[in-house]
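S.K.: work_28.cif is the file, holding mmCIF, C-alpha atoms:
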```cif
data_data
loop_
_atom_site.group_PDB
_atom_site.id
_atom_site.type_symbol
_atom_site.label_atom_id
_atom_site.label_comp_id
_atom_site.auth_asym_id
_atom_site.auth_seq_id
_atom_site.Cartn_x
_atom_site.Cartn_y
_atom_site.Cartn_z
ATOM 1 C CA MET U 1 53.967 -1.124 7.504
ATOM 2 C CA ALA U 2 52.058 -0.271 10.684
ATOM 3 C CA ARG U 3 53.875 0.769 13.813
ATOM 4 C CA ALA U 4 54.676 -1.731 16.523
ATOM 5 C CA ILE U 5 51.578 -2.774 18.439
ATOM 6 C CA GLU U 6 53.293 -2.086 21.772
ATOM 7 C CA ARG U 7 53.933 1.532 20.787
ATOM 8 C CA ILE U 8 50.359 2.027 19.649
ATOM 9 C CA GLU U 9 49.068 0.579 22.931
ATOM 10 C CA GLN U 10 51.224 3.058 24.829
ATOM 11 C CA ASP U 11 49.642 5.891 22.870
ATOM 12 C CA ILE U 12 46.169 4.518 23.605
ATOM 13 C CA ALA U 13 46.975 4.234 27.323
ATOM 14 C CA ALA U 14 48.113 7.879 27.358
ATOM 15 C CA LEU U 15 44.902 8.940 25.610
ATOM 16 C CA GLN U 16 42.799 6.972 28.082
ATOM 17 C CA GLU U 17 44.513 8.736 30.959
ATOM 18 C CA ALA U 18 43.815 12.103 29.343
ATOM 19 C CA ILE U 19 40.170 11.138 28.800
ATOM 20 C CA ARG U 20 39.833 10.121 32.471
ATOM 21 C CA ALA U 21 41.077 13.582 33.413
ATOM 22 C CA ILE U 22 38.531 15.113 31.032
ATOM 23 C CA ALA U 23 35.810 12.963 32.630
ATOM 24 C CA ILE U 24 36.659 14.286 36.087
ATOM 25 C CA GLU U 25 36.766 17.864 34.799
ATOM 26 C CA LEU U 26 33.460 17.439 32.972
ATOM 27 C CA GLN U 27 31.765 15.959 36.014
ATOM 28 C CA SER U 28 33.041 18.858 38.140
ATOM 29 C CA ALA U 29 31.779 21.349 35.569
ATOM 30 C CA TYR U 30 28.339 19.741 35.539
ATOM 31 C CA ALA U 31 28.221 19.678 39.337
ATOM 32 C CA SER U 32 28.687 23.448 39.336
ATOM 33 C CA TYR U 33 26.338 23.935 36.387
ATOM 34 C CA LEU U 34 23.477 21.832 37.774
ATOM 35 C CA ASN U 35 23.764 23.423 41.206
ATOM 36 C CA THR U 36 23.553 26.883 39.648
ATOM 37 C CA LEU U 37 20.787 25.721 37.308
ATOM 38 C CA GLY U 38 18.749 24.515 40.275
ATOM 39 C CA LEU U 39 18.927 27.954 41.897
ATOM 40 C CA ALA U 40 18.119 29.673 38.604
ATOM 41 C CA VAL U 41 15.173 27.372 37.914
ATOM 42 C CA ARG U 42 13.646 28.144 41.294
ATOM 43 C CA LYS U 43 13.989 31.871 40.633
ATOM 44 C CA GLN U 44 12.593 31.709 37.089
ATOM 45 C CA LEU U 45 9.688 29.486 38.167
ATOM 46 C CA ILE U 46 8.686 32.062 40.762
ATOM 47 C CA LEU U 47 9.038 34.926 38.267
ATOM 48 C CA ALA U 48 7.021 33.084 35.641
ATOM 49 C CA SER U 49 4.320 32.268 38.201
ATOM 50 C CA TYR U 50 4.259 35.911 39.294
ATOM 51 C CA HIS U 51 3.744 37.119 35.714
ATOM 52 C CA LEU U 52 1.066 34.506 35.076
ATOM 53 C CA CYS U 53 -0.867 35.385 38.244
ATOM 54 C CA THR U 54 -0.560 39.179 37.942
ATOM 55 C CA GLN U 55 -0.604 39.744 34.162
ATOM 56 C CA GLY U 56 -2.040 36.594 32.636
ATOM 57 C CA TYR U 57 -4.931 35.863 35.002
ATOM 58 C CA PRO U 58 -5.080 38.692 37.580
ATOM 59 C CA GLU U 59 -8.837 38.337 38.129
ATOM 60 C CA ASN U 60 -8.537 34.641 38.925
ATOM 61 C CA PHE U 61 -5.684 35.277 41.341
ATOM 62 C CA LEU U 62 -7.629 38.034 43.101
ATOM 63 C CA HIS U 63 -10.506 35.620 43.665
ATOM 64 C CA LEU U 64 -8.257 33.536 45.917
ATOM 65 C CA SER U 65 -8.250 34.178 49.642
ATOM 66 C CA LEU U 66 -5.066 35.329 51.373
ATOM 67 C CA ASN U 67 -4.524 31.831 52.735
ATOM 68 C CA GLN U 68 -5.018 30.262 49.305
ATOM 69 C CA ARG U 69 -2.496 32.660 47.761
ATOM 70 C CA GLN U 70 0.047 31.831 50.449
ATOM 71 C CA GLN U 71 -0.541 28.110 50.007
ATOM 72 C CA LEU U 72 -0.091 28.455 46.252
ATOM 73 C CA GLN U 73 3.120 30.444 46.622
ATOM 74 C CA GLN U 74 4.496 27.935 49.099
ATOM 75 C CA ALA U 75 3.671 25.041 46.779
ATOM 76 C CA ILE U 76 5.388 26.776 43.843
ATOM 77 C CA ARG U 77 8.521 27.343 45.928
ATOM 78 C CA LYS U 78 8.451 23.694 46.973
ATOM 79 C CA LEU U 79 8.221 22.506 43.374
ATOM 80 C CA GLY U 80 11.263 24.611 42.506
ATOM 81 C CA GLU U 81 13.238 23.202 45.422
ATOM 82 C CA LEU U 82 12.392 19.621 44.481
ATOM 83 C CA ALA U 83 13.405 20.235 40.874
ATOM 84 C CA ALA U 84 16.757 21.664 42.001
ATOM 85 C CA GLU U 85 17.418 18.590 44.122
ATOM 86 C CA GLN U 86 16.299 16.270 41.334
ATOM 87 C CA LEU U 87 18.831 17.810 38.945
ATOM 88 C CA LEU U 88 21.705 16.890 41.253
ATOM 89 C CA ILE U 89 20.482 13.324 41.840
ATOM 90 C CA TYR U 90 21.267 12.447 38.247
ATOM 91 C CA LEU U 91 24.875 13.557 38.476
ATOM 92 C CA THR U 92 26.005 10.577 40.524
ATOM 93 C CA SER U 93 24.567 7.087 40.734
ATOM 94 C CA GLU U 94 25.837 6.407 44.257
ATOM 95 C CA GLU U 95 23.255 8.725 45.828
ATOM 96 C CA SER U 96 20.298 7.910 43.592
ATOM 97 C CA GLY U 97 18.670 5.237 45.747
ATOM 98 C CA GLU U 98 18.494 7.011 49.082
ATOM 99 C CA ASP U 99 17.935 10.455 47.607
ATOM 100 C CA GLU U 100 15.001 9.276 45.529
ATOM 101 C CA VAL U 101 13.269 8.120 48.697
ATOM 102 C CA ASP U 102 14.032 11.437 50.375
ATOM 103 C CA GLU U 103 12.586 13.322 47.404
ATOM 104 C CA ILE U 104 9.343 11.417 47.558
ATOM 105 C CA ASP U 105 9.110 11.954 51.308
ATOM 106 C CA GLU U 106 9.414 15.696 50.762
ATOM 107 C CA GLY U 107 6.700 15.454 48.160
ATOM 108 C CA ASP U 108 4.471 13.824 50.761
ATOM 109 C CA GLU U 109 5.078 16.798 53.042
ATOM 110 C CA MET U 110 3.753 19.040 50.273
ATOM 111 C CA HIS U 111 0.406 17.264 50.346
ATOM 112 C CA GLU U 112 0.032 18.207 54.014
ATOM 113 C CA VAL U 113 -0.037 21.880 53.084
ATOM 114 C CA ASP U 114 -3.339 21.940 51.243
ATOM 115 C CA GLU U 115 -4.866 19.018 49.377
ATOM 116 C CA GLU U 116 -7.187 21.420 47.546
ATOM 117 C CA ILE U 117 -4.317 23.363 45.958
ATOM 118 C CA ILE U 118 -1.446 20.947 45.530
ATOM 119 C CA PRO U 119 -1.837 18.135 42.961
ATOM 120 C CA SER U 120 -2.497 14.745 44.511
ATOM 121 C CA SER U 121 0.431 13.289 42.582
ATOM 122 C CA SER U 122 3.445 14.799 40.898
ATOM 123 C CA SER U 123 5.157 13.669 37.705
ATOM 124 C CA LEU U 124 8.248 15.682 38.577
ATOM 125 C CA PHE U 125 10.151 12.696 39.917
ATOM 126 C CA LEU U 126 11.819 10.769 37.133
ATOM 127 C CA ASP U 127 12.880 7.145 37.427
ATOM 128 C CA THR U 128 16.431 7.071 38.817
ATOM 129 C CA SER U 129 16.675 3.282 38.882
ATOM 130 C CA ASN U 130 18.930 3.333 35.813
ATOM 131 C CA SER U 131 21.042 6.290 36.908
ATOM 132 C CA GLN U 132 24.104 4.075 37.348
ATOM 133 C CA TYR U 133 24.432 4.536 33.597
ATOM 134 C CA LEU U 134 25.417 8.137 34.317
ATOM 135 C CA THR U 135 28.988 7.452 35.439
ATOM 136 C CA ALA U 136 31.577 9.854 34.107
ATOM 137 C CA ASN U 137 34.562 7.914 35.489
ATOM 138 C CA THR U 138 35.483 6.355 32.170
ATOM 139 C CA SER U 139 38.330 6.268 29.681
ATOM 140 C CA ASP U 140 36.016 5.636 26.739
ATOM 141 C CA PRO U 141 35.195 8.921 24.944
ATOM 142 C CA ILE U 142 32.062 7.443 23.379
ATOM 143 C CA GLU U 143 30.621 6.413 26.752
ATOM 144 C CA LEU U 144 31.556 9.794 28.211
ATOM 145 C CA ALA U 145 29.800 11.567 25.348
ATOM 146 C CA LYS U 146 26.700 9.402 25.922
ATOM 147 C CA TRP U 147 26.809 10.288 29.618
ATOM 148 C CA GLN U 148 26.944 13.993 28.792
ATOM 149 C CA GLN U 149 24.122 13.745 26.264
ATOM 150 C CA LYS U 150 21.926 11.794 28.680
ATOM 151 C CA LEU U 151 22.534 14.357 31.408
ATOM 152 C CA GLU U 152 21.414 17.148 29.077
ATOM 153 C CA GLU U 153 18.296 15.187 28.138
ATOM 154 C CA VAL U 154 17.465 14.610 31.809
ATOM 155 C CA ALA U 155 17.822 18.328 32.584
ATOM 156 C CA GLN U 156 15.462 19.195 29.735
ATOM 157 C CA GLU U 157 12.979 16.540 30.858
ATOM 158 C CA ILE U 158 12.991 17.864 34.427
ATOM 159 C CA LEU U 159 12.258 21.384 33.163
ATOM 160 C CA LYS U 160 9.433 20.045 31.026
ATOM 161 C CA LYS U 161 7.911 18.081 33.898
ATOM 162 C CA LEU U 162 8.359 21.002 36.281
ATOM 163 C CA SER U 163 6.507 23.280 33.857
ATOM 164 C CA HIS U 164 3.734 20.702 33.531
ATOM 165 C CA ASP U 165 3.385 20.233 37.288
ATOM 166 C CA ALA U 166 3.420 23.977 37.916
ATOM 167 C CA ASN U 167 0.637 24.476 35.371
ATOM 168 C CA LEU U 168 -1.445 21.737 36.993
ATOM 169 C CA LEU U 169 -0.831 23.369 40.361
ATOM 170 C CA LEU U 170 -1.983 26.747 39.093
ATOM 171 C CA GLN U 171 -5.000 25.192 37.415
ATOM 172 C CA LYS U 172 -6.073 23.345 40.537
ATOM 173 C CA ALA U 173 -5.670 26.542 42.557
ATOM 174 C CA GLY U 174 -8.063 28.261 40.154
ATOM 175 C CA VAL U 175 -5.607 30.608 38.448
ATOM 176 C CA LEU U 176 -5.346 28.803 35.124
ATOM 177 C CA PRO U 177 -8.802 28.189 33.601
ATOM 178 C CA LYS U 178 -10.209 24.843 34.682
ATOM 179 C CA LYS U 179 -11.832 24.405 31.266
ATOM 180 C CA LEU U 180 -8.420 23.721 29.755
ATOM 181 C CA PRO U 181 -8.096 19.926 29.525
ATOM 182 C CA GLU U 182 -4.894 18.080 30.334
ATOM 183 C CA PRO U 183 -3.961 17.489 26.657
ATOM 184 C CA ILE U 184 -4.062 21.241 26.031
ATOM 185 C CA LEU U 185 -1.660 21.926 28.904
ATOM 186 C CA ALA U 186 0.661 19.239 27.591
ATOM 187 C CA ALA U 187 0.474 20.702 24.100
ATOM 188 C CA ALA U 188 1.164 24.165 25.483
ATOM 189 C CA ALA U 189 4.409 22.983 27.036
ATOM 190 C CA ALA U 190 5.502 21.458 23.741
ATOM 191 C CA ALA U 191 4.130 24.335 21.646
ATOM 192 C CA SER U 192 3.575 21.872 18.838
ATOM 193 C CA GLU U 193 -0.120 22.356 18.111
ATOM 194 C CA ALA U 194 -0.589 23.206 14.452
ATOM 195 C CA SER U 195 -3.472 25.530 15.306
ATOM 196 C CA ALA U 196 -1.552 27.392 18.001
ATOM 197 C CA GLU U 197 -0.079 30.831 17.393
ATOM 198 C CA VAL U 198 2.778 31.745 19.751
ATOM 199 C CA MET U 199 2.683 35.340 20.938
ATOM 200 C CA PRO U 200 5.527 37.380 22.466
ATOM 201 C CA GLY U 201 5.630 37.698 26.215
ATOM 202 C CA PRO U 202 7.740 37.376 29.385
ATOM 203 C CA PRO U 203 10.455 34.675 29.490
ATOM 204 C CA ASN U 204 9.576 31.104 30.436
ATOM 205 C CA LEU U 205 5.912 31.714 29.702
ATOM 206 C CA LEU U 206 3.997 30.482 26.699
ATOM 207 C CA ASN U 207 1.395 32.889 25.390
ATOM 208 C CA LEU U 208 -0.837 31.100 22.895
ATOM 209 C CA VAL U 209 -3.963 31.546 20.906
ATOM 210 C CA ILE U 210 -5.230 28.025 20.419
ATOM 211 C CA GLU U 211 -8.318 26.601 18.783
ATOM 212 C CA ILE U 212 -10.277 24.120 20.876
ATOM 213 C CA GLU U 213 -12.859 22.036 19.073
ATOM 214 C CA ASN U 214 -16.260 22.281 20.665
ATOM 215 C CA GLU U 215 -19.437 20.654 19.370
ATOM 216 C CA GLN U 216 -21.540 23.393 20.991
ATOM 217 C CA GLN U 217 -19.570 26.412 19.809
ATOM 218 C CA SER U 218 -22.585 28.375 18.509
ATOM 219 C CA GLU U 219 -21.269 31.955 18.101
ATOM 220 C CA ASP U 220 -17.999 31.165 19.847
ATOM 221 C CA SER U 221 -15.183 30.877 17.326
ATOM 222 C CA GLY U 222 -13.374 28.328 19.492
ATOM 223 C CA LEU U 223 -10.235 30.500 19.753
ATOM 224 C CA THR U 224 -8.872 30.689 23.284
ATOM 225 C CA GLN U 225 -5.881 32.678 24.498
ATOM 226 C CA ILE U 226 -3.925 30.950 27.208
ATOM 227 C CA MET U 227 -0.778 31.712 29.146
ATOM 228 C CA ALA U 228 1.143 28.820 30.686
ATOM 229 C CA ILE U 229 4.521 28.202 32.281
ATOM 230 C CA ASN U 230 7.114 26.805 29.898
ATOM 231 C CA LEU U 231 10.597 26.835 31.435
ATOM 232 C CA ARG U 232 13.217 26.954 28.686
ATOM 233 C CA LEU U 233 16.867 26.215 29.299
ATOM 234 C CA GLY U 234 18.098 28.846 26.848
ATOM 235 C CA GLU U 235 16.137 31.628 28.551
ATOM 236 C CA ILE U 236 17.195 30.481 32.013
ATOM 237 C CA GLU U 237 20.871 30.478 30.992
ATOM 238 C CA PHE U 238 20.540 33.870 29.297
ATOM 239 C CA ALA U 239 19.208 35.440 32.511
ATOM 240 C CA ASP U 240 22.001 34.090 34.753
ATOM 241 C CA VAL U 241 25.631 35.173 34.253
ATOM 242 C CA THR U 242 27.051 32.376 36.411
ATOM 243 C CA LEU U 243 25.032 29.751 34.591
ATOM 244 C CA SER U 244 26.163 31.108 31.217
ATOM 245 C CA SER U 245 29.770 30.941 32.404
ATOM 246 C CA ASP U 246 29.337 27.328 33.517
ATOM 247 C CA ARG U 247 27.861 26.484 30.123
ATOM 248 C CA LYS U 248 30.879 28.023 28.343
ATOM 249 C CA ARG U 249 33.186 25.928 30.516
ATOM 250 C CA ILE U 250 31.286 22.770 29.582
ATOM 251 C CA ARG U 251 31.490 23.612 25.887
ATOM 252 C CA SER U 252 35.252 24.157 26.177
ATOM 253 C CA ILE U 253 35.695 20.761 27.846
ATOM 254 C CA LEU U 254 33.584 19.094 25.155
ATOM 255 C CA VAL U 255 35.835 20.573 22.460
ATOM 256 C CA GLN U 256 38.799 18.900 24.164
ATOM 257 C CA LEU U 257 36.853 15.652 24.483
ATOM 258 C CA ASN U 258 35.980 15.647 20.772
ATOM 259 C CA LYS U 259 39.626 16.175 19.864
ATOM 260 C CA LEU U 260 40.777 13.331 22.119
ATOM 261 C CA GLY U 261 37.942 11.163 20.833
ATOM 262 C CA ARG U 262 39.067 11.547 17.236
ATOM 263 C CA GLU U 263 42.644 10.690 18.182
ATOM 264 C CA TYR U 264 41.437 7.726 20.256
ATOM 265 C CA LYS U 265 39.454 6.346 17.316
ATOM 266 C CA LYS U 266 42.427 6.845 15.003
ATOM 267 C CA ARG U 267 44.792 4.952 17.317
ATOM 268 C CA TYR U 268 42.388 2.037 17.710
ATOM 269 C CA LYS U 269 42.058 1.729 13.956
ATOM 270 C CA GLU U 270 45.851 1.825 13.673
ATOM 271 C CA LYS U 271 46.075 -0.936 16.283
ATOM 272 C CA ALA U 272 43.553 -3.077 14.407
ATOM 273 C CA ILE U 273 45.575 -2.677 11.190
ATOM 274 C CA ALA U 274 48.814 -3.602 12.961
ATOM 275 C CA GLU U 275 47.225 -6.676 14.553
ATOM 276 C CA ALA U 276 45.726 -7.749 11.209
ATOM 277 C CA GLU U 277 49.105 -7.414 9.489
ATOM 278 C CA ALA U 278 50.753 -9.445 12.258
ATOM 279 C CA ALA U 279 48.060 -12.118 11.989
ATOM 280 C CA TRP U 280 48.541 -12.314 8.208
ATOM 281 C CA ARG U 281 52.264 -12.806 8.541
ATOM 282 C CA ALA U 282 51.797 -15.398 11.297
ATOM 283 C CA SER U 283 49.516 -17.533 9.137
ATOM 284 C CA TRP U 284 51.274 -17.119 5.764
ATOM 285 C CA PHE U 285 53.325 -20.024 4.394
ATOM 286 C CA GLU U 286 55.175 -20.156 1.041
#
```
Can you give me the file's structure in the form of structure tokens?
M.R.:
Amino acid sequence: MARAIERIEQDIAALQEAIRAIAIELQSAYASYLNTLGLAVRKQLILASYHLCTQGYPENFLHLSLNQRQQLQQAIRKLGELAAEQLLIYLTSEESGEDEVDEIDEGDEMHEVDEEIIPSSSSLFLDTSNSQYLTANTSDPIELAKWQQKLEEVAQEILKKLSHDANLLLQKAGVLPKKLPEPILAAAAAASEASAEVMPGPPNLLNLVIEIENEQQSEDSGLTQIMAINLRLGEIEFADVTLSSDRKRIRSILVQLNKLGREYKKRYKEKAIAEAEAAWRASWFE
């Protein structure tokens, strides 16, 4: 015989209250994490760009004038700042509308620096029109888990797009070889080309030997070594103690959420059984 429905509902209400508290704690943890991540991303983007310009393609960088180098460095810093701000936009839906406009306005300011260096359009800005989905104020553990998973996916996507935009920036400035077509840069970020061999190198940089098909290869084997920016969350977290600590806090909260989620599911099943038993008795006649 199942327990009284009223008692089960009391247990569910208590679990919902605990899950709301977890939601608030998780949102606070992500606020700290994403803020720290934004700072770390800016730093690692600059370091990766430095290595690429000084070790990957030093000759190309030296061909730039002093003004061109300064413009390039300023544009790289700006990309990092925009990415940091974009990370925080996704944390709350209330700010998404106005902040998205502000982000694009800042992007317009970038174009005023140097149209010859900075890409005419940036793919860094993701669509925030559906960001109201990311609302952690919930008592449903499944919805909270979806919110957390979506936030992680967004962070990864921003890093991917930032890497892509930074590579385009460096290519347009003349540091990355201009002969590398857009599909190759995209493949470099994903590191999924079957013909590509990944080589060891500095963090957040992809060092590849890749085969490019060419109808007029003649004596050229078609093998090309390229170095490109590829910001990776694991390497960024590893290099930042505060960020690693924030990640540990998030994992600890998720362990609690999983435990509450299992109990929540168990209580709802128990409630369904109790209601079914009550319905059977209510409709049964000898």
S.K.: Convert the output of the PyMOL selection byres ((chain U and resi 162) around 8) on the shown file into explicit residues, formatted as a list in words.
M.R.: Leu79, Gly80, Ala83, Leu124, Ile158, Leu159, Lys160, Lys161, Ser163, His164, Asp165, Ala166 and Leu231 of chain U
S.K.: Which residue out of U:Leu180, U:Ile12, U:Leu26, U:Ile46 has the minimum interatomic distance to U:Ala75 when all atoms listed in the file are used?
M.R.: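 When distances to U:Ala75 are compared using all atoms listed in the file, the smallest one comes from U:Ile46.
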S.K.: One number please: atom CA of U:Leu151 to atom CA of U:Ile250, in Å, one decimal.
M.R.: 12.3 Å
S.K.: Find the residue from U:Arg249, U:Arg20, U:Arg77, U:His63 that sits nearest to U:Leu47; use only C-alpha atoms when measuring.
M.R.: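 Ranked by minimum distance to U:Leu47, first place goes to U:Arg77.
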S.K.: Using only the atoms of stretch 52-57 of chain U listed in the file, plus 5 Å on each side, state the axis-aligned box centre and edge lengths in Å rounded to one decimal, as lines of an AutoDock Vina configuration file.
M.R.:
```
center_x = -1.9
center_y = 37.1
center_z = 35.4
size_x = 16.0
size_y = 15.2
size_z = 15.6
```
S.K.: Nearest to U:Gln225: which of U:Ala276, U:Leu176, U:Arg247, U:Ser252 is it, counting all atoms listed in the file?
M.R.: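 Nearest candidate to U:Gln225 out of U:Ala276, U:Leu176, U:Arg247, U:Ser252: U:Leu176.
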S.K.: Counting all atoms listed in the file, write as a ChimeraX atom specification all protein and nucleic acid residues lying at most 12 Å from (34.3, 5.2, 22.9) in the file's frame.
M.R.: /U:12,15-16,19,138-147,257-258,260-268
S.K.: Run the PyMOL selection byres ((chain U and resi 9) around 12) against the file shown and list the residues it catches, as a PyMOL selection string.
M.R.: chain U and resi 3-8+10-16+264+267-272+274-275
S.K.: Rebuild stretch 272-281 of chain U to all heavy atoms - output it as an mmCIF file, in the frame of the given file, please.
M.R.:
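In the end it all went to rebuild_31.cif:
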```
data_model
loop_
_atom_site.group_PDB
_atom_site.id
_atom_site.type_symbol
_atom_site.label_atom_id
_atom_site.label_comp_id
_atom_site.auth_asym_id
_atom_site.auth_seq_id
_atom_site.Cartn_x
_atom_site.Cartn_y
_atom_site.Cartn_z
ATOM 1 N N ALA U 272 44.218 -1.987 15.113
ATOM 2 C CA ALA U 272 43.553 -3.077 14.407
ATOM 3 C C ALA U 272 44.301 -3.440 13.128
ATOM 4 O O ALA U 272 44.462 -4.629 12.792
ATOM 5 C CB ALA U 272 42.110 -2.692 14.087
ATOM 6 N N ILE U 273 44.803 -2.428 12.411
ATOM 7 C CA ILE U 273 45.575 -2.677 11.190
ATOM 8 C C ILE U 273 46.866 -3.424 11.514
ATOM 9 O O ILE U 273 47.237 -4.400 10.839
ATOM 10 C CB ILE U 273 45.876 -1.353 10.472
ATOM 11 C CG1 ILE U 273 44.573 -0.755 9.916
ATOM 12 C CG2 ILE U 273 46.893 -1.566 9.354
ATOM 13 C CD1 ILE U 273 44.734 0.633 9.329
ATOM 14 N N ALA U 274 47.552 -2.970 12.574
ATOM 15 C CA ALA U 274 48.814 -3.602 12.961
ATOM 16 C C ALA U 274 48.589 -5.048 13.374
ATOM 17 O O ALA U 274 49.379 -5.948 13.024
ATOM 18 C CB ALA U 274 49.456 -2.814 14.097
ATOM 19 N N GLU U 275 47.516 -5.307 14.124
ATOM 20 C CA GLU U 275 47.225 -6.676 14.553
ATOM 21 C C GLU U 275 46.838 -7.547 13.364
ATOM 22 O O GLU U 275 47.206 -8.735 13.304
ATOM 23 C CB GLU U 275 46.095 -6.653 15.593
ATOM 24 C CG GLU U 275 46.521 -6.069 16.939
ATOM 25 C CD GLU U 275 45.355 -5.961 17.913
ATOM 26 O OE1 GLU U 275 44.189 -5.934 17.454
ATOM 27 O OE2 GLU U 275 45.615 -5.900 19.131
ATOM 28 N N ALA U 276 46.102 -6.982 12.400
ATOM 29 C CA ALA U 276 45.726 -7.749 11.209
ATOM 30 C C ALA U 276 46.956 -8.096 10.375
ATOM 31 O O ALA U 276 47.078 -9.222 9.857
ATOM 32 C CB ALA U 276 44.723 -6.949 10.378
ATOM 33 N N GLU U 277 47.876 -7.149 10.242
ATOM 34 C CA GLU U 277 49.105 -7.414 9.489
ATOM 35 C C GLU U 277 49.925 -8.504 10.166
ATOM 36 O O GLU U 277 50.481 -9.401 9.506
ATOM 37 C CB GLU U 277 49.924 -6.136 9.364
ATOM 38 C CG GLU U 277 49.303 -5.112 8.429
ATOM 39 C CD GLU U 277 50.126 -3.842 8.335
ATOM 40 O OE1 GLU U 277 51.045 -3.663 9.180
ATOM 41 O OE2 GLU U 277 49.852 -3.012 7.448
ATOM 42 N N ALA U 278 49.999 -8.435 11.509
ATOM 43 C CA ALA U 278 50.753 -9.445 12.258
ATOM 44 C C ALA U 278 50.105 -10.814 12.114
ATOM 45 O O ALA U 278 50.782 -11.837 11.961
ATOM 46 C CB ALA U 278 50.845 -9.046 13.730
ATOM 47 N N ALA U 279 48.768 -10.855 12.135
ATOM 48 C CA ALA U 279 48.060 -12.118 11.989
ATOM 49 C C ALA U 279 48.261 -12.699 10.595
ATOM 50 O O ALA U 279 48.393 -13.919 10.414
ATOM 51 C CB ALA U 279 46.560 -11.911 12.265
ATOM 52 N N TRP U 280 48.299 -11.842 9.582
ATOM 53 C CA TRP U 280 48.541 -12.314 8.208
ATOM 54 C C TRP U 280 49.909 -12.953 8.104
ATOM 55 O O TRP U 280 50.059 -14.046 7.552
ATOM 56 C CB TRP U 280 48.405 -11.127 7.256
ATOM 57 C CG TRP U 280 48.743 -11.474 5.818
ATOM 58 C CD1 TRP U 280 49.973 -11.505 5.256
ATOM 59 C CD2 TRP U 280 47.822 -11.906 4.830
ATOM 60 N NE1 TRP U 280 49.904 -11.880 3.950
ATOM 61 C CE2 TRP U 280 48.593 -12.131 3.647
ATOM 62 C CE3 TRP U 280 46.441 -12.084 4.783
ATOM 63 C CZ2 TRP U 280 47.996 -12.557 2.460
ATOM 64 C CZ3 TRP U 280 45.874 -12.498 3.594
ATOM 65 C CH2 TRP U 280 46.648 -12.731 2.441
ATOM 66 N N ARG U 281 50.897 -12.266 8.627
ATOM 67 C CA ARG U 281 52.264 -12.806 8.541
ATOM 68 C C ARG U 281 52.401 -14.104 9.319
ATOM 69 O O ARG U 281 53.115 -15.023 8.913
ATOM 70 C CB ARG U 281 53.261 -11.776 9.098
ATOM 71 C CG ARG U 281 53.419 -10.548 8.205
ATOM 72 C CD ARG U 281 54.617 -9.710 8.627
ATOM 73 N NE ARG U 281 54.449 -9.190 9.978
ATOM 74 C CZ ARG U 281 53.890 -8.012 10.254
ATOM 75 N NH1 ARG U 281 53.420 -7.247 9.273
ATOM 76 N NH2 ARG U 281 53.789 -7.603 11.504
#
```
